[in-house]
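Novice: Got a structure for you, data_16.cif, holding mmCIF, C-alpha atoms.
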data_input
loop_
_atom_site.label_atom_id
_atom_site.label_comp_id
_atom_site.auth_asym_id
_atom_site.auth_seq_id
_atom_site.Cartn_x
_atom_site.Cartn_y
_atom_site.Cartn_z
CA MET A 23 2.26 -30.45 -70.89
CA ILE A 24 -1.41 -29.47 -70.78
CA SER A 25 -0.64 -26.67 -68.30
CA ASN A 26 1.65 -24.93 -70.82
CA TRP A 27 -0.95 -25.20 -73.58
CA LEU A 28 -3.72 -23.97 -71.26
CA SER A 29 -1.59 -21.08 -70.00
CA ALA A 30 -0.93 -19.91 -73.56
CA ALA A 31 -4.61 -20.26 -74.47
CA LEU A 32 -5.72 -18.26 -71.43
CA ALA A 33 -3.07 -15.60 -72.05
CA ARG A 34 -4.65 -14.88 -75.43
CA HIS A 35 -7.79 -13.90 -73.50
CA ASN A 36 -5.80 -11.94 -70.89
CA ILE A 37 -6.46 -14.53 -68.17
CA HIS A 38 -3.58 -15.39 -65.83
CA TYR A 39 -2.82 -19.08 -65.16
CA GLY A 40 -2.79 -18.24 -61.45
CA TRP A 41 -6.59 -18.45 -61.54
CA VAL A 42 -6.32 -22.05 -62.80
CA MET A 43 -4.12 -22.73 -59.77
CA VAL A 44 -6.81 -21.21 -57.58
CA GLY A 45 -9.41 -23.44 -59.24
CA VAL A 46 -7.55 -26.74 -58.84
CA THR A 47 -6.51 -25.86 -55.28
CA PHE A 48 -10.13 -24.96 -54.49
CA LEU A 49 -11.24 -28.40 -55.72
CA THR A 50 -8.53 -30.12 -53.70
CA ALA A 51 -9.39 -28.22 -50.52
CA LEU A 52 -13.12 -28.74 -51.09
CA ILE A 53 -12.75 -32.54 -51.18
CA SER A 54 -10.32 -32.41 -48.26
CA ALA A 55 -12.95 -30.48 -46.30
CA GLY A 56 -15.42 -33.27 -46.98
CA THR A 57 -12.86 -35.76 -45.66
CA VAL A 58 -12.21 -33.73 -42.52
CA GLY A 59 -15.89 -33.04 -41.85
CA ALA A 60 -17.15 -36.59 -42.49
CA PRO A 61 -16.44 -37.96 -38.97
CA GLY A 62 -19.08 -35.59 -37.57
CA VAL A 63 -21.61 -37.59 -39.62
CA PHE A 64 -20.13 -40.95 -38.65
CA ILE A 65 -19.94 -40.55 -34.83
CA VAL A 66 -23.42 -41.91 -34.07
CA PRO A 67 -23.30 -44.79 -36.62
CA LEU A 68 -19.93 -45.89 -35.20
CA GLN A 69 -21.38 -45.80 -31.68
CA HIS A 70 -24.31 -47.95 -32.75
CA GLU A 71 -22.20 -50.51 -34.64
CA PHE A 72 -19.19 -50.87 -32.33
CA GLY A 73 -20.41 -49.52 -28.97
CA TRP A 74 -17.62 -46.92 -28.81
CA THR A 75 -18.20 -43.91 -26.55
CA THR A 76 -18.22 -40.31 -27.71
CA ALA A 77 -14.99 -39.72 -25.75
CA GLU A 78 -13.24 -42.65 -27.49
CA ILE A 79 -14.22 -41.48 -30.97
CA SER A 80 -13.40 -37.88 -30.07
CA SER A 81 -9.93 -38.92 -28.90
CA ALA A 82 -9.12 -40.18 -32.42
CA LEU A 83 -10.43 -36.97 -33.97
CA SER A 84 -8.49 -34.94 -31.42
CA ILE A 85 -5.25 -36.68 -32.42
CA ARG A 86 -6.07 -36.01 -36.08
CA PHE A 87 -6.62 -32.32 -35.45
CA VAL A 88 -3.37 -31.96 -33.52
CA LEU A 89 -1.27 -33.84 -36.09
CA PHE A 90 -3.02 -31.92 -38.88
CA GLY A 91 -1.80 -28.72 -37.26
CA LEU A 92 1.66 -29.86 -36.21
CA MET A 93 2.34 -31.02 -39.76
CA ALA A 94 1.57 -27.55 -41.17
CA PRO A 95 5.01 -25.91 -40.71
CA PHE A 96 6.72 -29.04 -42.05
CA ALA A 97 4.18 -29.11 -44.89
CA ALA A 98 5.33 -25.61 -45.84
CA ALA A 99 8.94 -26.83 -45.91
CA LEU A 100 7.90 -29.89 -47.96
CA LEU A 101 6.09 -27.66 -50.46
CA ASN A 102 9.17 -25.45 -50.75
CA ARG A 103 11.49 -28.43 -51.18
CA TYR A 104 9.55 -30.90 -53.35
CA GLY A 105 6.95 -28.74 -55.10
CA LEU A 106 3.23 -28.17 -54.81
CA ARG A 107 2.08 -30.94 -57.14
CA ASN A 108 4.29 -33.70 -55.73
CA VAL A 109 3.40 -33.01 -52.10
CA THR A 110 -0.32 -32.60 -52.82
CA LEU A 111 -0.46 -35.92 -54.70
CA ALA A 112 1.45 -37.69 -51.92
CA ALA A 113 -0.95 -36.27 -49.31
CA GLN A 114 -3.99 -37.48 -51.25
CA LEU A 115 -2.49 -40.96 -51.57
CA VAL A 116 -1.87 -41.17 -47.81
CA VAL A 117 -5.42 -40.04 -46.96
CA ALA A 118 -7.08 -42.34 -49.51
CA SER A 119 -5.06 -45.34 -48.28
CA ALA A 120 -6.16 -44.73 -44.68
CA LEU A 121 -9.80 -44.33 -45.68
CA VAL A 122 -9.79 -47.56 -47.68
CA ALA A 123 -8.15 -49.45 -44.80
CA SER A 124 -10.70 -48.03 -42.33
CA LEU A 125 -13.55 -49.73 -44.20
CA ALA A 126 -12.46 -52.96 -42.45
CA MET A 127 -11.77 -51.56 -38.96
CA THR A 128 -13.46 -53.15 -35.94
CA LYS A 129 -11.38 -51.91 -32.98
CA VAL A 130 -11.06 -48.45 -31.48
CA TRP A 131 -7.25 -48.57 -31.75
CA GLN A 132 -7.66 -48.98 -35.51
CA LEU A 133 -9.85 -45.88 -35.56
CA ILE A 134 -7.19 -43.94 -33.63
CA LEU A 135 -4.39 -45.17 -35.91
CA LEU A 136 -6.18 -44.60 -39.24
CA TRP A 137 -8.46 -41.60 -38.61
CA GLY A 138 -6.25 -40.08 -35.96
CA VAL A 139 -2.61 -40.61 -36.92
CA VAL A 140 -2.52 -41.44 -40.66
CA ILE A 141 -5.26 -39.07 -41.84
CA GLY A 142 -3.93 -36.39 -39.49
CA ILE A 143 -0.52 -36.60 -41.15
CA GLY A 144 -1.94 -36.90 -44.67
CA THR A 145 -4.30 -33.93 -44.47
CA GLY A 146 -1.63 -31.95 -42.63
CA MET A 147 0.79 -32.33 -45.56
CA THR A 148 -1.11 -29.54 -47.31
CA ALA A 149 -3.49 -28.00 -44.75
CA LEU A 150 -4.18 -24.27 -45.17
CA VAL A 151 -0.52 -23.61 -46.01
CA LEU A 152 -1.15 -24.83 -49.59
CA GLY A 153 -3.57 -21.96 -50.16
CA ALA A 154 -1.25 -19.50 -48.44
CA THR A 155 1.62 -20.68 -50.67
CA ILE A 156 -0.48 -20.34 -53.83
CA ALA A 157 -1.46 -16.80 -52.84
CA ALA A 158 2.12 -15.77 -52.02
CA ARG A 159 3.80 -17.34 -55.08
CA TRP A 160 1.27 -16.77 -57.83
CA PHE A 161 -0.21 -13.38 -56.84
CA SER A 162 1.39 -10.01 -56.18
CA ALA A 163 -2.07 -8.42 -56.14
CA ARG A 164 -5.36 -9.74 -54.73
CA ARG A 165 -3.64 -11.99 -52.20
CA GLY A 166 -6.31 -11.42 -49.57
CA LEU A 167 -9.08 -12.25 -52.04
CA VAL A 168 -7.29 -15.42 -53.15
CA VAL A 169 -6.83 -16.60 -49.56
CA GLY A 170 -10.50 -15.86 -48.95
CA ILE A 171 -11.58 -17.90 -51.98
CA LEU A 172 -9.38 -20.87 -51.07
CA THR A 173 -10.41 -20.77 -47.42
CA ALA A 174 -14.06 -20.63 -48.48
CA SER A 175 -13.56 -24.04 -50.08
CA VAL A 176 -13.93 -25.48 -46.58
CA ALA A 177 -17.45 -24.05 -46.42
CA THR A 178 -18.23 -25.28 -49.93
CA GLY A 179 -17.00 -28.75 -48.96
CA GLN A 180 -19.49 -28.80 -46.12
CA LEU A 181 -22.25 -27.49 -48.37
CA VAL A 182 -21.62 -30.16 -51.00
CA PHE A 183 -20.61 -33.18 -48.95
CA LEU A 184 -22.13 -33.25 -45.46
CA PRO A 185 -25.83 -33.49 -46.37
CA LEU A 186 -24.95 -36.02 -49.08
CA LEU A 187 -22.80 -38.08 -46.70
CA ALA A 188 -25.52 -37.96 -44.04
CA SER A 189 -28.10 -39.17 -46.56
CA LEU A 190 -25.82 -41.96 -47.85
CA THR A 191 -25.00 -43.03 -44.28
CA GLU A 192 -28.67 -43.11 -43.29
CA ARG A 193 -29.69 -45.14 -46.34
CA PHE A 194 -26.70 -47.38 -47.04
CA GLY A 195 -24.35 -47.15 -44.05
CA TRP A 196 -21.16 -45.25 -43.27
CA ARG A 197 -18.93 -47.52 -45.35
CA LEU A 198 -20.57 -46.59 -48.64
CA ALA A 199 -20.40 -42.91 -47.72
CA LEU A 200 -16.70 -43.32 -46.97
CA SER A 201 -16.17 -45.09 -50.31
CA PHE A 202 -17.70 -42.09 -52.06
CA ILE A 203 -15.10 -39.82 -50.44
CA CYS A 204 -12.32 -42.10 -51.73
CA ILE A 205 -13.65 -41.77 -55.28
CA MET A 206 -13.73 -37.98 -54.99
CA LEU A 207 -10.13 -37.99 -53.75
CA GLY A 208 -9.21 -39.81 -56.96
CA VAL A 209 -10.92 -37.11 -59.04
CA SER A 210 -9.00 -34.42 -57.15
CA ALA A 211 -5.67 -36.21 -57.62
CA PHE A 212 -6.27 -36.44 -61.38
CA ALA A 213 -6.89 -32.67 -61.60
CA VAL A 214 -3.75 -31.94 -59.55
CA ALA A 215 -1.59 -34.18 -61.75
CA LEU A 216 -2.80 -32.45 -64.93
CA LEU A 217 -2.94 -28.79 -63.92
CA MET A 218 -0.95 -27.91 -60.80
CA ARG A 219 2.46 -26.27 -61.31
CA ASP A 220 4.91 -25.04 -58.69
CA ARG A 221 5.61 -21.44 -59.74
CA PRO A 222 4.52 -18.90 -62.40
CA ALA A 223 7.96 -19.26 -64.04
CA ASP A 224 7.08 -22.89 -64.85
CA VAL A 225 4.60 -21.61 -67.44
CA GLY A 226 6.66 -18.55 -68.40
CA LEU A 227 4.69 -16.05 -66.34
CA ARG A 228 5.18 -13.55 -63.56
CA PRO A 229 2.88 -13.55 -60.52
CA PHE A 230 -0.49 -11.94 -61.15
CA GLY A 231 -0.17 -8.18 -60.68
CA ASP A 232 3.63 -8.16 -61.15
CA ASN A 233 4.26 -5.98 -64.21
CA GLY A 234 8.06 -5.77 -63.86
CA SER A 235 10.26 -5.75 -66.94
CA GLU A 236 13.25 -7.66 -65.52
CA PRO A 237 13.96 -11.18 -66.89
CA LEU A 238 12.17 -14.02 -65.12
CA PRO A 239 14.35 -15.40 -62.32
CA ALA A 240 15.14 -19.09 -62.23
CA PRO A 241 12.99 -20.95 -59.71
CA PRO A 242 14.91 -21.30 -56.43
CA VAL A 243 16.15 -24.76 -55.59
CA GLY A 244 15.04 -25.88 -52.12
CA THR A 245 17.97 -27.54 -50.41
CA ALA A 246 17.38 -26.72 -46.75
CA PRO A 247 16.55 -29.76 -44.58
CA ILE A 248 12.80 -29.94 -43.92
CA VAL A 249 13.03 -29.98 -40.12
CA ALA A 250 15.73 -27.28 -40.02
CA ALA A 251 13.69 -24.96 -42.27
CA ALA A 252 10.53 -25.37 -40.18
CA LEU A 253 12.26 -25.04 -36.80
CA GLY A 254 14.37 -22.12 -38.02
CA ALA A 255 11.21 -20.24 -38.98
CA LEU A 256 9.75 -20.95 -35.53
CA ARG A 257 12.93 -19.80 -33.78
CA ASP A 258 12.94 -16.49 -35.60
CA ALA A 259 9.19 -15.85 -35.43
CA SER A 260 8.95 -16.69 -31.72
CA LYS A 261 10.99 -13.58 -30.92
CA SER A 262 8.04 -11.44 -32.04
CA SER A 263 4.99 -10.76 -29.86
CA VAL A 264 2.90 -10.60 -33.03
CA PHE A 265 3.58 -14.30 -33.64
CA TRP A 266 2.35 -15.28 -30.19
CA ILE A 267 -0.79 -13.13 -30.46
CA LEU A 268 -1.65 -14.67 -33.82
CA PHE A 269 -0.85 -18.14 -32.44
CA ALA A 270 -3.12 -17.62 -29.43
CA THR A 271 -6.02 -16.19 -31.43
CA PHE A 272 -5.76 -18.98 -33.98
CA PHE A 273 -5.73 -21.55 -31.13
CA ILE A 274 -9.08 -20.12 -30.06
CA CYS A 275 -10.24 -20.05 -33.67
CA GLY A 276 -9.64 -23.80 -33.97
CA ALA A 277 -11.26 -24.51 -30.60
CA SER A 278 -14.41 -22.66 -31.66
CA THR A 279 -14.73 -24.06 -35.21
CA ASN A 280 -13.24 -27.37 -36.41
CA GLY A 281 -12.91 -29.02 -33.03
CA LEU A 282 -16.32 -27.99 -31.73
CA ILE A 283 -18.90 -27.21 -34.42
CA GLN A 284 -17.56 -29.44 -37.18
CA VAL A 285 -17.24 -32.49 -34.94
CA HIS A 286 -19.95 -32.11 -32.31
CA LEU A 287 -22.80 -29.98 -33.68
CA ILE A 288 -24.52 -32.93 -35.39
CA PRO A 289 -24.44 -35.26 -32.34
CA MET A 290 -25.53 -32.33 -30.10
CA CYS A 291 -28.51 -31.70 -32.39
CA LEU A 292 -29.41 -35.39 -32.07
CA ASP A 293 -29.47 -34.92 -28.29
CA PHE A 294 -32.19 -32.31 -28.83
CA GLY A 295 -34.23 -34.52 -31.17
CA ILE A 296 -33.06 -33.05 -34.48
CA PRO A 297 -32.55 -35.78 -37.17
CA GLN A 298 -29.04 -36.30 -38.54
CA VAL A 299 -29.81 -35.21 -42.12
CA GLN A 300 -31.47 -32.02 -40.84
CA ALA A 301 -28.48 -31.33 -38.57
CA ALA A 302 -26.09 -31.85 -41.49
CA SER A 303 -28.23 -29.46 -43.53
CA LEU A 304 -27.75 -26.89 -40.76
CA LEU A 305 -23.98 -27.23 -41.20
CA ALA A 306 -24.46 -26.90 -44.94
CA ALA A 307 -26.47 -23.70 -44.44
CA MET A 308 -23.63 -22.36 -42.30
CA GLY A 309 -21.33 -23.28 -45.17
CA VAL A 310 -23.36 -21.11 -47.55
CA PHE A 311 -23.01 -18.07 -45.30
CA ASP A 312 -19.36 -18.86 -44.62
CA PHE A 313 -18.59 -19.05 -48.34
CA PHE A 314 -19.66 -15.45 -48.81
CA GLY A 315 -18.34 -14.32 -45.42
CA THR A 316 -14.83 -15.66 -46.05
CA ILE A 317 -14.55 -14.28 -49.58
CA GLY A 318 -15.85 -10.98 -48.25
CA SER A 319 -13.24 -11.13 -45.50
CA GLY A 320 -10.52 -11.57 -48.13
CA TRP A 321 -11.81 -8.50 -49.98
CA LEU A 322 -11.91 -6.49 -46.74
CA SER A 323 -8.44 -7.64 -45.66
CA ASP A 324 -6.98 -6.10 -48.84
CA ARG A 325 -8.46 -2.73 -47.87
CA TYR A 326 -8.79 -2.31 -44.09
CA ASP A 327 -6.76 -2.75 -40.90
CA ASN A 328 -6.63 -6.51 -40.31
CA ARG A 329 -6.35 -6.09 -36.54
CA TYR A 330 -9.80 -4.53 -36.32
CA LEU A 331 -11.24 -7.15 -38.64
CA LEU A 332 -10.02 -9.88 -36.25
CA PHE A 333 -11.57 -7.99 -33.32
CA TRP A 334 -14.99 -7.98 -34.95
CA TYR A 335 -14.78 -11.55 -36.26
CA TYR A 336 -13.84 -13.13 -32.93
CA GLY A 337 -16.24 -10.94 -30.95
CA LEU A 338 -19.25 -11.76 -33.11
CA ARG A 339 -18.37 -15.46 -33.15
CA GLY A 340 -18.18 -15.49 -29.37
CA LEU A 341 -21.60 -13.86 -29.06
CA SER A 342 -23.14 -16.39 -31.47
CA LEU A 343 -21.75 -19.38 -29.51
CA VAL A 344 -23.03 -18.01 -26.21
CA PHE A 345 -26.40 -17.39 -27.87
CA LEU A 346 -26.76 -20.98 -29.23
CA PRO A 347 -27.97 -22.69 -26.02
CA PHE A 348 -30.70 -20.02 -25.71
CA THR A 349 -32.17 -20.82 -29.13
CA ASP A 350 -34.08 -23.81 -27.66
CA PHE A 351 -32.87 -25.48 -30.85
CA SER A 352 -35.95 -24.23 -32.66
CA PHE A 353 -35.97 -23.76 -36.44
CA TYR A 354 -35.81 -19.99 -36.21
CA GLY A 355 -33.22 -19.94 -33.43
CA LEU A 356 -30.91 -22.34 -35.24
CA SER A 357 -31.39 -20.44 -38.51
CA LEU A 358 -30.32 -17.21 -36.82
CA PHE A 359 -27.28 -18.95 -35.32
CA ALA A 360 -26.36 -20.51 -38.68
CA MET A 361 -26.42 -17.10 -40.35
CA PHE A 362 -24.32 -15.19 -37.80
CA TYR A 363 -21.88 -18.00 -37.02
CA GLY A 364 -21.62 -19.05 -40.67
CA LEU A 365 -20.65 -15.57 -41.89
CA ASP A 366 -17.83 -15.63 -39.36
CA TRP A 367 -16.73 -19.28 -39.38
CA ILE A 368 -13.31 -19.00 -41.01
CA ALA A 369 -13.35 -15.32 -41.91
CA THR A 370 -10.35 -14.97 -39.57
CA VAL A 371 -8.01 -16.72 -42.04
CA PRO A 372 -7.45 -13.97 -44.68
CA PRO A 373 -6.49 -11.23 -42.15
CA THR A 374 -4.30 -13.70 -40.24
CA VAL A 375 -2.45 -14.72 -43.42
CA ARG A 376 -2.00 -11.09 -44.47
CA LEU A 377 -0.68 -10.08 -41.05
CA THR A 378 1.75 -13.01 -41.21
CA ALA A 379 3.05 -12.03 -44.66
CA GLN A 380 3.21 -8.38 -43.62
CA ARG A 381 5.22 -8.97 -40.45
CA PHE A 382 7.43 -11.92 -41.47
CA GLY A 383 7.92 -11.46 -45.23
CA VAL A 384 6.48 -13.20 -48.29
CA GLU A 385 9.29 -15.77 -48.58
CA ARG A 386 8.79 -17.14 -45.06
CA ALA A 387 5.07 -16.45 -44.81
CA ASN A 388 4.00 -20.06 -45.41
CA LEU A 389 6.51 -21.42 -42.86
CA VAL A 390 5.47 -18.97 -40.13
CA PHE A 391 1.78 -19.37 -40.95
CA GLY A 392 2.32 -23.13 -40.68
CA TRP A 393 3.25 -22.71 -37.02
CA ILE A 394 0.34 -20.35 -36.41
CA PHE A 395 -1.96 -22.91 -38.04
CA ALA A 396 -0.48 -25.55 -35.72
CA GLY A 397 -1.93 -23.47 -32.88
CA HIS A 398 -5.30 -23.54 -34.65
CA GLN A 399 -5.32 -27.33 -34.80
CA ILE A 400 -4.06 -27.81 -31.26
CA GLY A 401 -7.05 -25.72 -30.19
CA ALA A 402 -9.30 -27.85 -32.42
CA GLY A 403 -7.92 -31.03 -30.86
CA ALA A 404 -8.46 -29.72 -27.34
CA ALA A 405 -12.05 -28.76 -28.14
CA ALA A 406 -12.82 -32.04 -29.95
CA PHE A 407 -11.71 -34.07 -26.94
CA GLY A 408 -13.03 -31.64 -24.31
CA ALA A 409 -16.52 -31.45 -25.81
CA GLY A 410 -16.64 -35.24 -26.18
CA LEU A 411 -15.57 -35.61 -22.54
CA SER A 412 -18.23 -33.12 -21.48
CA ARG A 413 -20.89 -35.18 -23.28
CA THR A 414 -19.66 -38.44 -21.73
CA VAL A 415 -19.22 -37.17 -18.16
CA LEU A 416 -21.88 -34.45 -17.88
CA ALA A 417 -24.31 -35.81 -20.50
CA THR A 418 -24.34 -32.40 -22.27
CA TYR A 419 -22.27 -30.42 -24.75
CA LEU A 420 -23.42 -27.02 -23.53
CA PRO A 421 -20.47 -26.20 -21.18
CA ALA A 422 -18.06 -26.63 -24.11
CA PHE A 423 -20.06 -24.16 -26.23
CA PHE A 424 -20.16 -21.57 -23.45
CA ALA A 425 -16.40 -21.92 -22.88
CA ALA A 426 -15.69 -21.50 -26.62
CA GLY A 427 -17.81 -18.34 -26.71
CA VAL A 428 -15.91 -16.77 -23.82
CA LEU A 429 -12.55 -17.68 -25.40
CA CYS A 430 -13.59 -15.94 -28.64
CA MET A 431 -14.30 -12.73 -26.75
CA ILE A 432 -10.83 -12.95 -25.18
CA ALA A 433 -9.32 -13.44 -28.67
CA ALA A 434 -11.13 -10.32 -29.87
CA MET A 435 -9.46 -8.23 -27.17
CA ILE A 436 -5.91 -9.56 -27.58
CA ALA A 437 -6.08 -9.09 -31.38
CA LEU A 438 -6.08 -5.34 -30.69
CA ALA A 439 -2.71 -5.74 -28.92
CA ILE A 440 -0.97 -6.32 -32.27
CA SER A 441 1.15 -3.25 -32.95
CA LYS A 442 0.43 -1.19 -36.02
CA ALA A 443 2.55 -2.13 -39.03
CA PRO A 444 5.42 0.22 -39.86
CA LYS A 445 4.11 0.41 -43.44
CA PRO A 446 1.13 -1.15 -45.25
CA LEU A 447 1.42 -4.23 -47.41
CA THR A 448 1.04 -3.16 -51.02
CA ALA A 449 0.14 -6.54 -52.42
#
Translate this structure into structure tokens?
Specialist:
Amino acid sequence: MISNWLSAALARHNIHYGWVMVGVTFLTALISAGTVGAPGVFIVPLQHEFGWTTAEISSALSIRFVLFGLMAPFAAALLNRYGLRNVTLAAQLVVASALVASLAMTKVWQLILLWGVVIGIGTGMTALVLGATIAARWFSARRGLVVGILTASVATGQLVFLPLLASLTERFGWRLALSFICIMLGVSAFAVALLMRDRPADVGLRPFGDNGSEPLPAPPVGTAPIVAAALGALRDASKSSVFWILFATFFICGASTNGLIQVHLIPMCLDFGIPQVQAASLLAAMGVFDFFGTIGSGWLSDRYDNRYLLFWYYGLRGLSLVFLPFTDFSFYGLSLFAMFYGLDWIATVPPTVRLTAQRFGVERANLVFGWIFAGHQIGAGAAAFGAGLSRTVLATYLPAFFAAGVLCMIAAMIALAISKAPKPLTA
């Protein structure tokens, strides 16, 4: 296979194949981010073509967010049982099929079924647990940095896709923009099929940073039932207060990012007279800052107390959301918001993943993090629907942004309630 040849070629230059895994996973997550973020561009065109309300469209996106999250712990069990490449390819097939079918939709129930249920399940089959699994399996050192890089792919996806999708939608309509996403999913699937492997042992390697001299162990055979493995991890983790603190803070993280900004910032900017392409460019600018902020967070999480990092991340995010309505949506005000919020957007992921691995063990880290990520997406779903309802009933998004800012400040305080680890994680 090409992966074996490439691994041997890289080894001659002292490059570990784990970095190829990071690269192909980054590409996969980048295109997935474009898929997840696209509905924020399509809300207004769908309203104009079909007469659907913001609340109706938001309800479909809310269902998608919730299913995306609830699939995460089962996605971890699927990855353990059937392998990274097989599950990732299956997920891309499900998402692409739903997108192609949605080109012909005319009813709101079709939107809910395809963009809510099917895409929610498809994207949830990998979610953030794919990156967490790559970091845990392929790296004994630099795990925080790897999680930061793979999480930053969300920001890069926004940077690359949202302005382009907004421009395509404005010029040619939302269907052509959606067709472009389908093509990119095909490119990603081709890269996964060629390069993704399940474990370092598949290419005769140890995890990066593992310099042990013992023989390579045989890859474990996953035989545990998917549901039993996921629910068993939840049963054991739920006995720990650390799990519930991380779950609660990640709920607030989702409510203040994916469900609010990613879905509703563009239509809110339109309410204030900002054109759609310019609003999408604002999200892209936030993506630039988030790319560096998240990678920097991964670097910091390898070196400093992750509890205090979460305190600062949530606190600063809360202040930026409360500040947004006072910018008057001027160029300078929005630029300042984009910088501060962007640096912090998903910087919470690396310390959350490290705390999960530290407290619940490397072998079960992806399963437990799957449940914590479910909290993230439940929060995103609540915010996606709540902000849409606020716009429909109150004719403004601003109450939702104030509420998200206050919740972030609460998350900052409860993050400090996590007890200090008995010993530091050495990876």
Novice: Evaluate the PyMOL selection byres ((chain A and resi 210-216) around 10) here and jot the selected residues down as an MDAnalysis selection string.
Specialist: chainID A and resid 23:25 43 45:54 106:108 110:115 204:209 217:219
Novice: I'd like the contact shell of Ala425 of chain A - 10 Å cut-off, all atoms listed in the file, skipping same-chain residues fewer than 3 positions apart - returned as a VMD selection string.
Specialist: chain A and resid 277 to 278 340 343 to 344 405 409 420 to 422 428 to 430
Novice: Please evaluate the PyMOL selection byres ((chain A and resi 126-133) around 8) against the displayed coordinates and give the resulting residues as number ranges by chain.
Specialist: A: 72, 74, 78-79, 82, 122-125, 134-138
Novice: Could you please determine the separation between atom CA of Tyr104 of chain A and atom CA of Leu89 of chain A in Å, to one decimal place?
Specialist: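 Between these atoms lies a distance of 20.6 Å.
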Novice: Starting from the shown file, work through the PyMOL selection byres ((chain A and resi 185) around 9) and note down what comes out as a list in words.
Specialist: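 That expression, the PyMOL selection byres ((chain A and resi 185) around 9), corresponds here to Val63, Gln180, Leu181, Val182, Phe183, Leu184, Leu186, Leu187, Ala188, Ser189, Leu190, Gln298, Val299, Gln300, Ala301, Ala302, Ser303, Leu304, Leu305 and Ala306 of chain A.
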Novice: Can you tell me, as a PyMOL selection string, what residues are no more than 12 Å from Leu346 of chain A when counting only C-alpha atoms, ignoring any on the same chain fewer than 4 positions away?
Specialist: chain A and resi 283+287+290-291+339-342+350-352+354-363+419-424+426-427
Novice: For the interface of segment 63-108 of chain A with segment 142-155 of chain A (cut-off 10 Å, counting only C-alpha atoms), please tabulate each contacting residue of segment 63-108 of chain A alongside its nearest pair of atoms and their separation in Å to one decimal, rows sorted by chain and increasing number, as a tab-separated table.
Specialist:
residue	atom	partner	partner_atom	distance
A:Ala82	CA	A:Gly142	CA	9.6
A:Leu83	CA	A:Gly142	CA	8.5
A:Ser84	CA	A:Gly142	CA	9.4
A:Ile85	CA	A:Gly142	CA	7.2
A:Arg86	CA	A:Gly142	CA	4.0
A:Phe87	CA	A:Gly142	CA	6.3
A:Val88	CA	A:Gly142	CA	7.5
A:Leu89	CA	A:Gly142	CA	5.0
A:Phe90	CA	A:Gly146	CA	4.0
A:Gly91	CA	A:Gly146	CA	6.3
A:Leu92	CA	A:Gly146	CA	7.5
A:Met93	CA	A:Gly146	CA	5.0
A:Ala94	CA	A:Gly146	CA	5.6
A:Pro95	CA	A:Val151	CA	8.0
A:Phe96	CA	A:Met147	CA	7.6
A:Ala97	CA	A:Met147	CA	4.7
A:Ala98	CA	A:Val151	CA	6.2
A:Ala99	CA	A:Met147	CA	9.8
A:Leu100	CA	A:Met147	CA	7.9
A:Leu101	CA	A:Leu152	CA	7.8
A:Asn102	CA	A:Thr155	CA	8.9
A:Leu106	CA	A:Leu152	CA	7.6
Novice: Could you state the separation of atom CA of Cys275 of chain A and atom CA of His398 of chain A in Å, given to one decimal place?
Specialist: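 Interatomic distance, atom CA of Cys275 of chain A to atom CA of His398 of chain A: 6.1 Å.
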Novice: List every protein, DNA or RNA residue that has at least one atom no more than 12 Å from (-17.9, -11.7, -50.2) in the file's coordinates, counting all atoms listed in the file, and write the result as a JSON list (two decimals) with C-alpha atoms, in the frame of the given file.
Specialist:
[["chain", "number", "residue", "atom", "x", "y", "z"],
["A", 166, "GLY", "CA", -6.31, -11.42, -49.57],
["A", 167, "LEU", "CA", -9.08, -12.25, -52.04],
["A", 168, "VAL", "CA", -7.29, -15.42, -53.15],
["A", 170, "GLY", "CA", -10.50, -15.86, -48.95],
["A", 171, "ILE", "CA", -11.58, -17.90, -51.98],
["A", 174, "ALA", "CA", -14.06, -20.63, -48.48],
["A", 310, "VAL", "CA", -23.36, -21.11, -47.55],
["A", 311, "PHE", "CA", -23.01, -18.07, -45.30],
["A", 312, "ASP", "CA", -19.36, -18.86, -44.62],
["A", 313, "PHE", "CA", -18.59, -19.05, -48.34],
["A", 314, "PHE", "CA", -19.66, -15.45, -48.81],
["A", 315, "GLY", "CA", -18.34, -14.32, -45.42],
["A", 316, "THR", "CA", -14.83, -15.66, -46.05],
["A", 317, "ILE", "CA", -14.55, -14.28, -49.58],
["A", 318, "GLY", "CA", -15.85, -10.98, -48.25],
["A", 319, "SER", "CA", -13.24, -11.13, -45.50],
["A", 320, "GLY", "CA", -10.52, -11.57, -48.13],
["A", 321, "TRP", "CA", -11.81, -8.50, -49.98],
["A", 322, "LEU", "CA", -11.91, -6.49, -46.74],
["A", 323, "SER", "CA", -8.44, -7.64, -45.66],
["A", 365, "LEU", "CA", -20.65, -15.57, -41.89],
["A", 366, "ASP", "CA", -17.83, -15.63, -39.36],
["A", 369, "ALA", "CA", -13.35, -15.32, -41.91]]
Novice: Atom CA of Ala402 of chain A to atom CA of Gly73 of chain A: how many Å, to one decimal?
Specialist: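 Separating atom CA of Ala402 of chain A from atom CA of Gly73 of chain A is a distance of 24.6 Å.
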Novice: Smallest atom-to-atom distance to Pro289 of chain A: which of A:Ala270, A:Ala437, A:Val66, A:Leu332, using only C-alpha atoms?
Specialist: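 For Pro289 of chain A, the nearest of the given residues is A:Val66.
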Novice: Restricting the calculation to all atoms listed in the file, which member of A:Asn26, A:Ser441, A:Thr173, A:Ser80 is positioned closest to Arg329 of chain A?
Specialist: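 Comparing A:Asn26, A:Ser441, A:Thr173, A:Ser80 against Arg329 of chain A, the winner is A:Ser441.
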Novice: Taking into account only C-alpha atoms, which residue in the set A:Gly56, A:Gly105, A:Gly195, A:Gly337 is nearest to His70 of chain A?
Specialist: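 Of the candidates, the smallest distance to His70 of chain A is held by A:Gly195.
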